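Participant: See data25.pdb below, with PDB, C-alpha atoms, pLDDT in the B column.
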ATOM      1  CA  MET P   1      42.654  31.924  47.402  1.00 53.00           C
ATOM      2  CA  LYS P   2      43.873  29.111  45.191  1.00 56.00           C
ATOM      3  CA  THR P   3      41.318  26.749  46.758  1.00 55.00           C
ATOM      4  CA  ASN P   4      38.492  29.211  46.119  1.00 49.00           C
ATOM      5  CA  SER P   5      39.494  29.503  42.452  1.00 51.00           C
ATOM      6  CA  ILE P   6      39.495  25.722  42.042  1.00 51.00           C
ATOM      7  CA  ILE P   7      36.085  25.418  43.718  1.00 51.00           C
ATOM      8  CA  LEU P   8      34.702  28.257  41.558  1.00 45.00           C
ATOM      9  CA  LEU P   9      36.076  26.595  38.405  1.00 46.00           C
ATOM     10  CA  PHE P  10      34.577  23.238  39.454  1.00 48.00           C
ATOM     11  CA  LEU P  11      31.142  24.796  40.127  1.00 45.00           C
ATOM     12  CA  SER P  12      31.223  26.664  36.809  1.00 51.00           C
ATOM     13  CA  ALA P  13      31.958  23.428  34.957  1.00 48.00           C
ATOM     14  CA  LEU P  14      29.196  21.640  36.871  1.00 43.00           C
ATOM     15  CA  PHE P  15      26.617  24.283  35.914  1.00 47.00           C
ATOM     16  CA  LEU P  16      27.822  24.311  32.314  1.00 45.00           C
ATOM     17  CA  PHE P  17      27.383  20.563  31.868  1.00 47.00           C
ATOM     18  CA  SER P  18      24.141  20.311  33.849  1.00 48.00           C
ATOM     19  CA  GLY P  19      22.614  23.122  31.805  1.00 50.00           C
ATOM     20  CA  CYS P  20      23.180  21.380  28.493  1.00 48.00           C
ATOM     21  CA  LYS P  21      20.361  19.131  27.348  1.00 47.00           C
ATOM     22  CA  LYS P  22      20.828  16.397  24.844  1.00 47.00           C
ATOM     23  CA  ASP P  23      18.519  16.747  21.887  1.00 46.00           C
ATOM     24  CA  ARG P  24      15.879  14.077  21.953  1.00 49.00           C
ATOM     25  CA  GLU P  25      16.480  11.511  19.308  1.00 47.00           C
ATOM     26  CA  THR P  26      13.368  10.711  17.340  1.00 49.00           C
ATOM     27  CA  ASP P  27      12.412   7.088  16.876  1.00 54.00           C
ATOM     28  CA  ASN P  28      11.781   6.824  13.148  1.00 67.00           C
ATOM     29  CA  SER P  29      10.053   3.467  13.543  1.00 70.00           C
ATOM     30  CA  GLN P  30       7.371   5.074  15.747  1.00 76.00           C
ATOM     31  CA  ILE P  31       6.940   7.923  13.268  1.00 76.00           C
ATOM     32  CA  THR P  32       6.669   5.467  10.376  1.00 85.00           C
ATOM     33  CA  THR P  33       4.204   3.235  12.233  1.00 86.00           C
ATOM     34  CA  ALA P  34       2.004   6.260  12.982  1.00 89.00           C
ATOM     35  CA  ARG P  35       2.238   7.385   9.349  1.00 91.00           C
ATOM     36  CA  LEU P  36       1.097   3.964   8.107  1.00 93.00           C
ATOM     37  CA  GLN P  37      -2.064   3.750  10.236  1.00 95.00           C
ATOM     38  CA  GLY P  38      -5.300   3.415   8.257  1.00 96.00           C
ATOM     39  CA  LYS P  39      -6.473   1.665   5.094  1.00 97.00           C
ATOM     40  CA  TRP P  40      -4.409   1.479   1.929  1.00 97.00           C
ATOM     41  CA  GLU P  41      -5.466   0.133  -1.466  1.00 98.00           C
ATOM     42  CA  ALA P  42      -3.095  -1.669  -3.853  1.00 97.00           C
ATOM     43  CA  THR P  43      -2.983   0.167  -7.186  1.00 97.00           C
ATOM     44  CA  LYS P  44      -0.272  -1.607  -9.182  1.00 97.00           C
ATOM     45  CA  PHE P  45       2.410  -4.257  -9.077  1.00 96.00           C
ATOM     46  CA  THR P  46       5.784  -4.179 -10.821  1.00 98.00           C
ATOM     47  CA  GLU P  47       8.052  -7.137 -11.435  1.00 98.00           C
ATOM     48  CA  LYS P  48      11.658  -6.711 -12.537  1.00 98.00           C
ATOM     49  CA  ILE P  49      14.000  -9.596 -13.342  1.00 98.00           C
ATOM     50  CA  TYR P  50      17.769  -9.070 -13.229  1.00 97.00           C
ATOM     51  CA  GLU P  51      20.791 -11.195 -13.991  1.00 96.00           C
ATOM     52  CA  VAL P  52      22.723 -10.942 -10.731  1.00 96.00           C
ATOM     53  CA  GLN P  53      26.112 -10.691 -12.431  1.00 94.00           C
ATOM     54  CA  GLY P  54      26.259  -7.157 -13.789  1.00 94.00           C
ATOM     55  CA  ASN P  55      22.804  -6.346 -12.335  1.00 94.00           C
ATOM     56  CA  LYS P  56      21.423  -6.511 -15.898  1.00 96.00           C
ATOM     57  CA  LEU P  57      17.662  -5.858 -16.223  1.00 97.00           C
ATOM     58  CA  VAL P  58      16.184  -8.743 -18.240  1.00 97.00           C
ATOM     59  CA  SER P  59      12.461  -7.988 -18.043  1.00 97.00           C
ATOM     60  CA  GLU P  60      10.033  -5.545 -16.495  1.00 98.00           C
ATOM     61  CA  LYS P  61       6.262  -5.794 -16.194  1.00 98.00           C
ATOM     62  CA  THR P  62       3.644  -3.566 -14.527  1.00 98.00           C
ATOM     63  CA  THR P  63       0.151  -4.800 -13.685  1.00 97.00           C
ATOM     64  CA  ALA P  64      -2.650  -2.536 -12.448  1.00 97.00           C
ATOM     65  CA  TYR P  65      -4.947  -3.858  -9.735  1.00 96.00           C
ATOM     66  CA  PRO P  66      -8.705  -3.424 -10.186  1.00 95.00           C
ATOM     67  CA  ALA P  67     -10.358  -1.250  -7.529  1.00 93.00           C
ATOM     68  CA  ASN P  68     -10.900  -2.999  -4.174  1.00 91.00           C
ATOM     69  CA  GLU P  69      -9.074  -6.185  -5.252  1.00 95.00           C
ATOM     70  CA  ARG P  70      -6.288  -5.892  -2.685  1.00 96.00           C
ATOM     71  CA  SER P  71      -5.999  -3.665   0.329  1.00 97.00           C
ATOM     72  CA  ILE P  72      -4.280  -3.534   3.692  1.00 96.00           C
ATOM     73  CA  GLU P  73      -5.076  -1.870   6.970  1.00 97.00           C
ATOM     74  CA  TYR P  74      -2.577  -0.922   9.642  1.00 96.00           C
ATOM     75  CA  LYS P  75      -4.184  -0.986  13.106  1.00 95.00           C
ATOM     76  CA  GLY P  76      -1.717  -0.370  15.903  1.00 92.00           C
ATOM     77  CA  SER P  77       0.861  -3.154  15.609  1.00 91.00           C
ATOM     78  CA  GLU P  78      -1.314  -5.313  13.342  1.00 94.00           C
ATOM     79  CA  ILE P  79      -1.534  -5.423   9.582  1.00 94.00           C
ATOM     80  CA  LEU P  80      -4.716  -6.806   8.018  1.00 96.00           C
ATOM     81  CA  TYR P  81      -4.722  -8.080   4.419  1.00 95.00           C
ATOM     82  CA  TYR P  82      -7.950  -7.950   2.391  1.00 97.00           C
ATOM     83  CA  ARG P  83      -8.802  -9.521  -0.964  1.00 96.00           C
ATOM     84  CA  ASN P  84     -11.994  -8.273  -2.660  1.00 96.00           C
ATOM     85  CA  GLN P  85     -12.864  -6.509   0.612  1.00 94.00           C
ATOM     86  CA  THR P  86     -12.767  -9.807   2.547  1.00 96.00           C
ATOM     87  CA  LEU P  87     -10.253 -10.151   5.377  1.00 97.00           C
ATOM     88  CA  ARG P  88      -7.698 -12.860   4.468  1.00 95.00           C
ATOM     89  CA  ASN P  89      -4.879 -12.589   7.040  1.00 93.00           C
ATOM     90  CA  THR P  90      -3.914 -10.673  10.150  1.00 93.00           C
ATOM     91  CA  TYR P  91      -0.296 -10.371  11.262  1.00 93.00           C
ATOM     92  CA  THR P  92       1.695  -8.380  13.777  1.00 92.00           C
ATOM     93  CA  TYR P  93       4.463  -6.195  12.405  1.00 92.00           C
ATOM     94  CA  ALA P  94       7.382  -4.053  13.449  1.00 91.00           C
ATOM     95  CA  VAL P  95       9.178  -1.326  11.526  1.00 90.00           C
ATOM     96  CA  ILE P  96      12.967  -1.265  11.680  1.00 90.00           C
ATOM     97  CA  GLY P  97      14.525   1.389   9.460  1.00 87.00           C
ATOM     98  CA  ASN P  98      12.936   0.951   6.034  1.00 88.00           C
ATOM     99  CA  GLU P  99      12.169  -2.717   6.670  1.00 92.00           C
ATOM    100  CA  MET P 100       8.891  -4.176   7.847  1.00 92.00           C
ATOM    101  CA  ARG P 101       8.995  -7.455   9.750  1.00 92.00           C
ATOM    102  CA  ILE P 102       5.785  -9.462   9.721  1.00 91.00           C
ATOM    103  CA  ARG P 103       5.055 -12.247  12.199  1.00 88.00           C
ATOM    104  CA  GLU P 104       2.423 -14.971  12.132  1.00 81.00           C
ATOM    105  CA  GLY P 105       2.796 -17.350  15.048  1.00 80.00           C
ATOM    106  CA  ASN P 106       6.346 -18.714  14.952  1.00 84.00           C
ATOM    107  CA  GLN P 107       6.945 -17.721  11.336  1.00 85.00           C
ATOM    108  CA  GLY P 108       8.080 -14.395  10.017  1.00 87.00           C
ATOM    109  CA  PHE P 109       9.023 -12.631   6.819  1.00 87.00           C
ATOM    110  CA  TYR P 110      10.126  -9.171   5.887  1.00 90.00           C
ATOM    111  CA  PHE P 111      10.145  -6.696   3.051  1.00 91.00           C
ATOM    112  CA  GLN P 112      11.423  -3.221   2.359  1.00 94.00           C
ATOM    113  CA  PHE P 113       8.972  -0.379   2.115  1.00 89.00           C
ATOM    114  CA  LYS P 114       9.246   3.050   0.627  1.00 93.00           C
ATOM    115  CA  PHE P 115       7.161   6.209   1.017  1.00 92.00           C
ATOM    116  CA  TYR P 116       6.536   8.185  -2.160  1.00 93.00           C
ATOM    117  CA  SER P 117       4.256  10.672  -0.363  1.00 93.00           C
ATOM    118  CA  ASP P 118       2.022  10.784   2.708  1.00 91.00           C
ATOM    119  CA  THR P 119      -0.638   8.967   0.692  1.00 95.00           C
ATOM    120  CA  GLN P 120       1.475   6.473  -1.300  1.00 96.00           C
ATOM    121  CA  HIS P 121       3.940   3.794  -0.244  1.00 95.00           C
ATOM    122  CA  SER P 122       5.128   0.446  -1.562  1.00 96.00           C
ATOM    123  CA  HIS P 123       6.281  -2.972  -0.383  1.00 95.00           C
ATOM    124  CA  ILE P 124       9.403  -4.313  -2.083  1.00 96.00           C
ATOM    125  CA  GLU P 125      10.467  -7.957  -2.044  1.00 95.00           C
ATOM    126  CA  GLU P 126      13.543  -9.610  -3.565  1.00 95.00           C
ATOM    127  CA  ASP P 127      13.872 -13.245  -4.493  1.00 95.00           C
ATOM    128  CA  TYR P 128      16.977 -14.978  -5.839  1.00 96.00           C
ATOM    129  CA  TYR P 129      16.935 -18.090  -8.034  1.00 96.00           C
ATOM    130  CA  LYS P 130      18.848 -19.820 -10.829  1.00 95.00           C
ATOM    131  CA  ASN P 131      17.785 -19.999 -14.455  1.00 92.00           C
ATOM    132  CA  ASN P 132      19.897 -22.904 -15.688  1.00 92.00           C
ATOM    133  CA  THR P 133      23.289 -21.760 -14.370  1.00 93.00           C
ATOM    134  CA  ILE P 134      22.565 -18.021 -14.359  1.00 94.00           C
ATOM    135  CA  GLU P 135      21.820 -16.434 -10.992  1.00 97.00           C
ATOM    136  CA  MET P 136      18.741 -14.232 -11.195  1.00 97.00           C
ATOM    137  CA  LYS P 137      17.034 -11.707  -8.929  1.00 97.00           C
ATOM    138  CA  GLU P 138      13.313 -10.907  -9.015  1.00 97.00           C
ATOM    139  CA  VAL P 139      12.237  -7.594  -7.471  1.00 97.00           C
ATOM    140  CA  THR P 140       8.506  -7.101  -6.936  1.00 97.00           C
ATOM    141  CA  GLU P 141       6.997  -3.843  -5.758  1.00 97.00           C
ATOM    142  CA  THR P 142       3.359  -3.380  -4.776  1.00 97.00           C
ATOM    143  CA  TYR P 143       2.138   0.222  -4.635  1.00 97.00           C
ATOM    144  CA  TYR P 144      -0.525   1.322  -2.138  1.00 97.00           C
ATOM    145  CA  ASN P 145      -2.551   4.536  -1.929  1.00 97.00           C
ATOM    146  CA  LYS P 146      -4.144   5.660   1.314  1.00 96.00           C
ATOM    147  CA  ASN P 147      -7.955   5.731   1.346  1.00 89.00           C
TER
END
Using structure tokens, write down the structure from this file.
Facilitator:
Amino acid sequence: MKTNSIILLFLSALFLFSGCKKDRETDNSQITTARLQGKWEATKFTEKIYEVQGNKLVSEKTTAYPANERSIEYKGSEILYYRNQTLRNTYTYAVIGNEMRIREGNQGFYFQFKFYSDTQHSHIEEDYYKNNTIEMKEVTETYYNKN
């Protein structure tokens, strides 16, 4: 009787664990890549300069882009850059979190990107430099609207 109880307990546990499915984890990079597909037009560019110590904003400037001056197109794993509707560069890219990694041959660079809506996103780049002895940070953000 004791053996039957142990076997019954073992089988119950086996069915319990085999019946549970793990929820499928979604791959946000695939979702983001799919969301980016298509043509996007640059609408404006912001530049902010900070003193690194204290993260003090020193200057801020926004520049609007004329229509059709700059645009990008995401096609599969490629990103195509246009200037005045003329193709300038084609790169491959990968999305990792909120970072986009661009590759051209053996060289690569990256930037952060941010979605504001399904039809607007931006590319954000940071650059550090010294102004005399003061460490500075320049943050540029280019805004794109989907065509």
Participant: Counting only C-alpha atoms, which residue out of P:Gly54, P:Glu141, P:Asn98, P:Glu73 sits closest to Ile31 in chain P?
Facilitator: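 For Ile31 in chain P, the nearest of the given residues is P:Asn98.
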Participant: Enumerate, as a list in words, the residues matched when the PyMOL selection byres ((chain P and resi 53) around 12) is run on the file above.
Facilitator: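 Given this file, the PyMOL selection byres ((chain P and resi 53) around 12) evaluates to Tyr50, Glu51, Val52, Gly54, Asn55, Lys56, Leu57, Val58, Lys130, Thr133, Ile134, Glu135, Met136 and Lys137 of chain P.
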Participant: Let me make sure I understand: among P:Lys61, P:Lys75, P:Arg83, P:Lys48, which one has the smallest atom-to-atom distance to Ile124 in chain P if we use all atoms listed in the file?
Facilitator: P:Lys48
Participant: Kindly resolve the PyMOL selection byres ((chain P and resi 127) around 10) on the present coordinates and return the residues as a list in words.
Facilitator: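 Output from the PyMOL selection byres ((chain P and resi 127) around 10), applied to this file: Ile49, Glu125, Glu126, Tyr128, Tyr129, Met136, Lys137, Glu138, Val139 and Thr140 of chain P.
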Participant: So how far away is CA of Phe109 in chain P from CA of Asn145 in chain P, in Å?
Facilitator: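 Pair CA of Asn145 in chain P / CA of Phe109 in chain P returns 22.5 Å.
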Participant: Check what the PyMOL selection byres ((chain P and resi 67) around 9) selects in the file above and give those residues as a list in words.
Facilitator: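 Output of the PyMOL selection byres ((chain P and resi 67) around 9): Glu41, Ala42, Thr43, Tyr65, Pro66, Asn68, Glu69, Arg70 and Asn84 of chain P.
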Participant: Just give me the gap between CA of Lys44 in chain P and CA of Tyr144 in chain P in Å, one decimal is fine.
Facilitator: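 We find that CA of Lys44 in chain P and CA of Tyr144 in chain P lie 7.6 Å from each other.
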Participant: Using all atoms listed in the file, collect all residues at a distance of at most 12 Å from (8.1, 8.4, 0.1) as written in the file, then present them as a PyMOL selection string.
Facilitator: chain P and resi 32+35-36+98+113-123+143-145
Participant: Please identify all polymer residues within 10 Å of Gly76 in chain P, counting only C-alpha atoms, omitting same-chain residues fewer than 6 positions from it, and present them as a ChimeraX atom specification.
Facilitator: /P:33-34,36-38,92-93
Participant: So, with only C-alpha atoms as the atoms that count, which of P:Asn106, P:Asn131, P:Gln85, P:Ser71 lies closest to Trp40 in chain P?
Facilitator: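 Going through P:Asn106, P:Asn131, P:Gln85, P:Ser71 one by one, the smallest distance to Trp40 in chain P is for P:Ser71.
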Participant: Which one of P:Phe111, P:Asn132, P:Thr62, P:Glu47 sits closest to Val95 in chain P if you count only C-alpha atoms?
Facilitator: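 With only C-alpha atoms as the atom set, the closest residue is P:Phe111.
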Participant: State, in Å with one decimal place, the distance from CA of Leu87 in chain P to CA of Thr142 in chain P.
Facilitator: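 Going from CA of Leu87 in chain P over to CA of Thr142 in chain P, I get 18.3 Å.
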Participant: Would you mind listing what lies within 9 Å of range 89-91 of chain P as a ChimeraX atom specification, with all atoms listed in the file counted and same-chain residues fewer than 4 positions away left out?
Facilitator: /P:77-82,102-105
